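Everything below concerns the one structure shown next.
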Amino acid sequence: MLLRNTMLWLAGNDLVKRTIVRTPLSRALARRFVAGETREDALAAARTLNQGGASVSLDYLGENVHSAAEAEATTRTYCDLLHRIAEHGLNCNVSLKLTALGLDIQRELCVRNMRQVLDVARQTNSFVRIDMEGSDYTQLTLDLWEELFRDHGYQNVGIVLQSYLYRSAADTERAIQLRARVRLCKGAYKEGREIAYPNKVDVDRNFVALARRLLCDGNYPGLATHDPAIIAWTKRFVTEHGIDRSSFEFQMLYGIRRDLQRELLADGYRLRIYVPFGEAWYPYLMRRMAERPANLLFILRSLRHG
Ligand code: FDA
């Protein structure tokens, strides 16, 4: 827990960031988790994964942008990406963060940008997943998503719920009631015990409880985890309850547990790989490091040589 918190602190420290981003070792490490810096890199990775049987969600890295111009540039990147995905005939949608589309600057700007992306997704018959950020954004994200989904009638936008948050049980019921598509994950940010389960065993238990609800009554849930015990539980649960394999998908991150990815595909389960790309890979890399503190060694070494 201490190491995890240290990594998440490093994710937000500018001086450390400037040092780490420059070192060849951390750039090499980033390549394991990030498909590359350009759209071509991302589309090539998507094609390779499609050929192996997995579907894909592309994430253009960059969060908490500080100017409207940056948010609009990100919006254009997503629109272009959706067109290219359609042109290339890829089995691929997109994931994005509302703070990358201007949520910190002005809510209306973010709604406008989201509507542009969702209009292109609608034209190209695609789907947009709004990633879930830290808890300062949970309510803002869910409110904005519901406005788009319910009030503006965009059925092609889904959300993410995190099993470490106590509130996610109620949010799951709300999503089920709305027939909305949910990606369920454990949660990757540093959260206090007032709002989040402090012990991993409870986070895991809650994941299973929420997954059970979504598998029974949800709309094509995405179960986003590399946890072998939860994956084994899911396989047993769907078999015992006669739940069709085409009514849900597993989701995993690019570069993590490729062995499990291959296994699921070979067993005939649906699997979507979340593929991040872009130059702003630092906070993403730090969150992946925090999930596996053994990786701290890489960072310390890169600082020493940097
Ligand atoms: P857990 O942490 O228990 O790990 C299980 C096993 O997976 C480990 O034993 C190890 O083998 C492997 N593993 C996990 N992380 C690894 C790493 N970094 N390096 C190497 N091996 C690793 N979070 C969030 O807050 N908002 C979001 O929108 C998303 N979106 C998202 C999409 C997708 C497709 C996935 C898979 C995950 C997310 N997450 C996320 C991240 C999620 O919340 C969580 O932090 C990670 O998935 C790690 O948790 P696991 O469920 O894999 O279990």
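Letters A, B, ... mark the chains of the structure tokens in the order given; residue numbers begin at 1 per chain; ligand numbers begin at 1, in order shown.
With a cut-off of 6 Å and using only C-alpha atoms and all ligand atoms, the polymer residues contacting ligand 1 are Asp131, Met132, Glu133, Val160, Cys185, Lys186, Gly187, Ala188, Tyr189, Ala224, Thr225, His226, Asp227, Gln251, Met252, Leu253, Ile256, Tyr274, Arg288, Met289, Glu291 and Arg292 of chain A.
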Print the selection's residues with N, CA, C and O atoms to a file, as a PDB file, in the first residue's frame.
```pdb
ATOM      1  N   ASP A 131     -13.685   6.870 -19.705  1.00  0.00           N
ATOM      2  CA  ASP A 131     -12.904   6.303 -18.604  1.00  0.00           C
ATOM      3  C   ASP A 131     -13.303   6.997 -17.301  1.00  0.00           C
ATOM      4  O   ASP A 131     -13.743   8.150 -17.311  1.00  0.00           O
ATOM      5  N   MET A 132     -13.088   6.317 -16.176  1.00  0.00           N
ATOM      6  CA  MET A 132     -13.353   6.962 -14.890  1.00  0.00           C
ATOM      7  C   MET A 132     -12.031   7.398 -14.261  1.00  0.00           C
ATOM      8  O   MET A 132     -11.090   6.617 -14.161  1.00  0.00           O
ATOM      9  N   GLU A 133     -11.995   8.670 -13.845  1.00  0.00           N
ATOM     10  CA  GLU A 133     -10.767   9.222 -13.262  1.00  0.00           C
ATOM     11  C   GLU A 133     -10.876   9.166 -11.733  1.00  0.00           C
ATOM     12  O   GLU A 133     -11.690   8.434 -11.191  1.00  0.00           O
ATOM     13  N   VAL A 160     -17.510   3.857 -16.884  1.00  0.00           N
ATOM     14  CA  VAL A 160     -16.689   2.910 -16.122  1.00  0.00           C
ATOM     15  C   VAL A 160     -17.047   3.062 -14.643  1.00  0.00           C
ATOM     16  O   VAL A 160     -17.169   4.181 -14.150  1.00  0.00           O
ATOM     17  N   CYS A 185     -14.118  -2.009 -13.376  1.00  0.00           N
ATOM     18  CA  CYS A 185     -12.703  -2.246 -13.047  1.00  0.00           C
ATOM     19  C   CYS A 185     -12.543  -2.089 -11.540  1.00  0.00           C
ATOM     20  O   CYS A 185     -13.497  -1.754 -10.837  1.00  0.00           O
ATOM     21  N   LYS A 186     -11.325  -2.332 -11.044  1.00  0.00           N
ATOM     22  CA  LYS A 186     -11.122  -2.201  -9.588  1.00  0.00           C
ATOM     23  C   LYS A 186     -10.904  -0.746  -9.198  1.00  0.00           C
ATOM     24  O   LYS A 186     -11.322  -0.316  -8.138  1.00  0.00           O
ATOM     25  N   GLY A 187     -10.204   0.030 -10.050  1.00  0.00           N
ATOM     26  CA  GLY A 187      -9.916   1.436  -9.731  1.00  0.00           C
ATOM     27  C   GLY A 187      -8.427   1.641  -9.555  1.00  0.00           C
ATOM     28  O   GLY A 187      -7.760   0.855  -8.878  1.00  0.00           O
ATOM     29  N   ALA A 188      -7.907   2.711 -10.183  1.00  0.00           N
ATOM     30  CA  ALA A 188      -6.453   2.870 -10.271  1.00  0.00           C
ATOM     31  C   ALA A 188      -5.911   4.097  -9.529  1.00  0.00           C
ATOM     32  O   ALA A 188      -4.722   4.369  -9.607  1.00  0.00           O
ATOM     33  N   TYR A 189      -6.755   4.832  -8.806  1.00  0.00           N
ATOM     34  CA  TYR A 189      -6.286   6.087  -8.214  1.00  0.00           C
ATOM     35  C   TYR A 189      -6.137   5.936  -6.700  1.00  0.00           C
ATOM     36  O   TYR A 189      -6.551   4.934  -6.116  1.00  0.00           O
ATOM     37  N   ALA A 224     -13.233  -5.608 -16.743  1.00  0.00           N
ATOM     38  CA  ALA A 224     -11.856  -5.181 -17.003  1.00  0.00           C
ATOM     39  C   ALA A 224     -10.954  -5.584 -15.856  1.00  0.00           C
ATOM     40  O   ALA A 224     -10.872  -4.888 -14.837  1.00  0.00           O
ATOM     41  N   THR A 225     -10.311  -6.704 -16.000  1.00  0.00           N
ATOM     42  CA  THR A 225      -9.398  -7.187 -14.949  1.00  0.00           C
ATOM     43  C   THR A 225      -8.437  -8.223 -15.519  1.00  0.00           C
ATOM     44  O   THR A 225      -8.752  -8.895 -16.500  1.00  0.00           O
ATOM     45  N   HIS A 226      -7.257  -8.322 -14.845  1.00  0.00           N
ATOM     46  CA  HIS A 226      -6.302  -9.383 -15.182  1.00  0.00           C
ATOM     47  C   HIS A 226      -6.244 -10.387 -14.044  1.00  0.00           C
ATOM     48  O   HIS A 226      -5.315 -11.195 -13.970  1.00  0.00           O
ATOM     49  N   ASP A 227      -7.203 -10.311 -13.137  1.00  0.00           N
ATOM     50  CA  ASP A 227      -7.160 -11.125 -11.929  1.00  0.00           C
ATOM     51  C   ASP A 227      -7.608 -12.556 -12.254  1.00  0.00           C
ATOM     52  O   ASP A 227      -8.789 -12.799 -12.544  1.00  0.00           O
ATOM     53  N   GLN A 251     -12.035  -7.437 -20.585  1.00  0.00           N
ATOM     54  CA  GLN A 251     -11.191  -6.363 -21.116  1.00  0.00           C
ATOM     55  C   GLN A 251      -9.861  -6.379 -20.365  1.00  0.00           C
ATOM     56  O   GLN A 251      -9.842  -6.590 -19.150  1.00  0.00           O
ATOM     57  N   MET A 252      -8.783  -6.162 -21.101  1.00  0.00           N
ATOM     58  CA  MET A 252      -7.456  -6.102 -20.463  1.00  0.00           C
ATOM     59  C   MET A 252      -6.637  -4.977 -21.077  1.00  0.00           C
ATOM     60  O   MET A 252      -6.969  -4.479 -22.158  1.00  0.00           O
ATOM     61  N   LEU A 253      -5.561  -4.625 -20.384  1.00  0.00           N
ATOM     62  CA  LEU A 253      -4.711  -3.531 -20.848  1.00  0.00           C
ATOM     63  C   LEU A 253      -3.611  -4.058 -21.772  1.00  0.00           C
ATOM     64  O   LEU A 253      -3.083  -5.159 -21.547  1.00  0.00           O
ATOM     65  N   ILE A 256      -0.311  -6.246 -20.739  1.00  0.00           N
ATOM     66  CA  ILE A 256      -0.404  -6.875 -19.417  1.00  0.00           C
ATOM     67  C   ILE A 256      -1.064  -8.244 -19.525  1.00  0.00           C
ATOM     68  O   ILE A 256      -2.125  -8.385 -20.122  1.00  0.00           O
ATOM     69  N   TYR A 274      -7.413  -2.680 -24.283  1.00  0.00           N
ATOM     70  CA  TYR A 274      -7.367  -1.215 -24.161  1.00  0.00           C
ATOM     71  C   TYR A 274      -5.967  -0.779 -24.563  1.00  0.00           C
ATOM     72  O   TYR A 274      -4.974  -1.166 -23.925  1.00  0.00           O
ATOM     73  N   ARG A 288       0.207   2.246 -13.947  1.00  0.00           N
ATOM     74  CA  ARG A 288       0.508   0.825 -14.187  1.00  0.00           C
ATOM     75  C   ARG A 288       1.604   0.364 -13.222  1.00  0.00           C
ATOM     76  O   ARG A 288       1.590  -0.754 -12.746  1.00  0.00           O
ATOM     77  N   MET A 289       2.572   1.264 -12.932  1.00  0.00           N
ATOM     78  CA  MET A 289       3.628   0.909 -11.989  1.00  0.00           C
ATOM     79  C   MET A 289       3.040   0.698 -10.594  1.00  0.00           C
ATOM     80  O   MET A 289       3.422  -0.205  -9.870  1.00  0.00           O
ATOM     81  N   GLU A 291       0.272  -0.450  -9.760  1.00  0.00           N
ATOM     82  CA  GLU A 291      -0.429  -1.723  -9.632  1.00  0.00           C
ATOM     83  C   GLU A 291       0.543  -2.867  -9.376  1.00  0.00           C
ATOM     84  O   GLU A 291       0.139  -3.944  -8.953  1.00  0.00           O
ATOM     85  N   ARG A 292       1.814  -2.621  -9.662  1.00  0.00           N
ATOM     86  CA  ARG A 292       2.789  -3.701  -9.521  1.00  0.00           C
ATOM     87  C   ARG A 292       4.075  -3.088  -8.975  1.00  0.00           C
ATOM     88  O   ARG A 292       4.985  -2.773  -9.736  1.00  0.00           O
TER      89      ARG A 292
END
```
Next item on the list: Could you please write out, as a PyMOL selection string, every residue of stretch 59-267 of chain A that DSSP assigns to alpha helix (DSSP H)?
Entry: chain A and resi 68-87+107-123+138-146+168-178+200-217+228-240+258-266
Next item on the list: Using DSSP on the backbone, list every residue of stretch 17-242 of chain A that comes out as strand (DSSP E), and give them as a list in words.
Entry: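 DSSP on the backbone gives strand (DSSP E) at Ser55, Val56, Ser57, Leu58, Asp59, Tyr60, Cys92, Asn93, Val94, Ser95, Leu96, Val128, Arg129, Ile130, Val157, Gly158, Ile159, Val160, Leu161, Gln162, Val182, Arg183, Leu184, Cys185, Gly222, Leu223 and Ala224 of chain A.
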Write the residues of the preceding selection, restricted to C-alpha atoms, as an mmCIF file, in the first residue's frame.
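Just written: out-v5.cif:
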```cif
data_model
loop_
_atom_site.group_PDB
_atom_site.id
_atom_site.type_symbol
_atom_site.label_atom_id
_atom_site.label_comp_id
_atom_site.auth_asym_id
_atom_site.auth_seq_id
_atom_site.Cartn_x
_atom_site.Cartn_y
_atom_site.Cartn_z
ATOM 1 C CA SER A 55 -11.294 -6.314 -30.247
ATOM 2 C CA VAL A 56 -9.718 -3.014 -29.214
ATOM 3 C CA SER A 57 -10.419 0.303 -27.533
ATOM 4 C CA LEU A 58 -7.970 3.089 -28.409
ATOM 5 C CA ASP A 59 -7.096 5.704 -25.805
ATOM 6 C CA TYR A 60 -5.335 8.904 -26.865
ATOM 7 C CA CYS A 92 -12.221 -1.096 -32.487
ATOM 8 C CA ASN A 93 -13.858 1.697 -30.473
ATOM 9 C CA VAL A 94 -12.392 4.537 -28.400
ATOM 10 C CA SER A 95 -11.936 5.353 -24.715
ATOM 11 C CA LEU A 96 -11.464 8.893 -23.463
ATOM 12 C CA VAL A 128 -17.240 5.750 -26.975
ATOM 13 C CA ARG A 129 -16.263 4.723 -23.459
ATOM 14 C CA ILE A 130 -15.737 7.455 -20.875
ATOM 15 C CA VAL A 157 -21.613 6.162 -24.887
ATOM 16 C CA GLY A 158 -20.693 4.012 -21.884
ATOM 17 C CA ILE A 159 -19.156 4.540 -18.472
ATOM 18 C CA VAL A 160 -16.689 2.910 -16.122
ATOM 19 C CA LEU A 161 -17.402 1.992 -12.496
ATOM 20 C CA GLN A 162 -14.693 1.165 -9.949
ATOM 21 C CA VAL A 182 -20.659 -0.387 -18.020
ATOM 22 C CA ARG A 183 -16.981 -1.284 -17.889
ATOM 23 C CA LEU A 184 -16.249 -2.597 -14.414
ATOM 24 C CA CYS A 185 -12.703 -2.246 -13.047
ATOM 25 C CA GLY A 222 -17.051 -5.203 -19.927
ATOM 26 C CA LEU A 223 -15.217 -6.947 -17.094
ATOM 27 C CA ALA A 224 -11.856 -5.181 -17.003
#
```
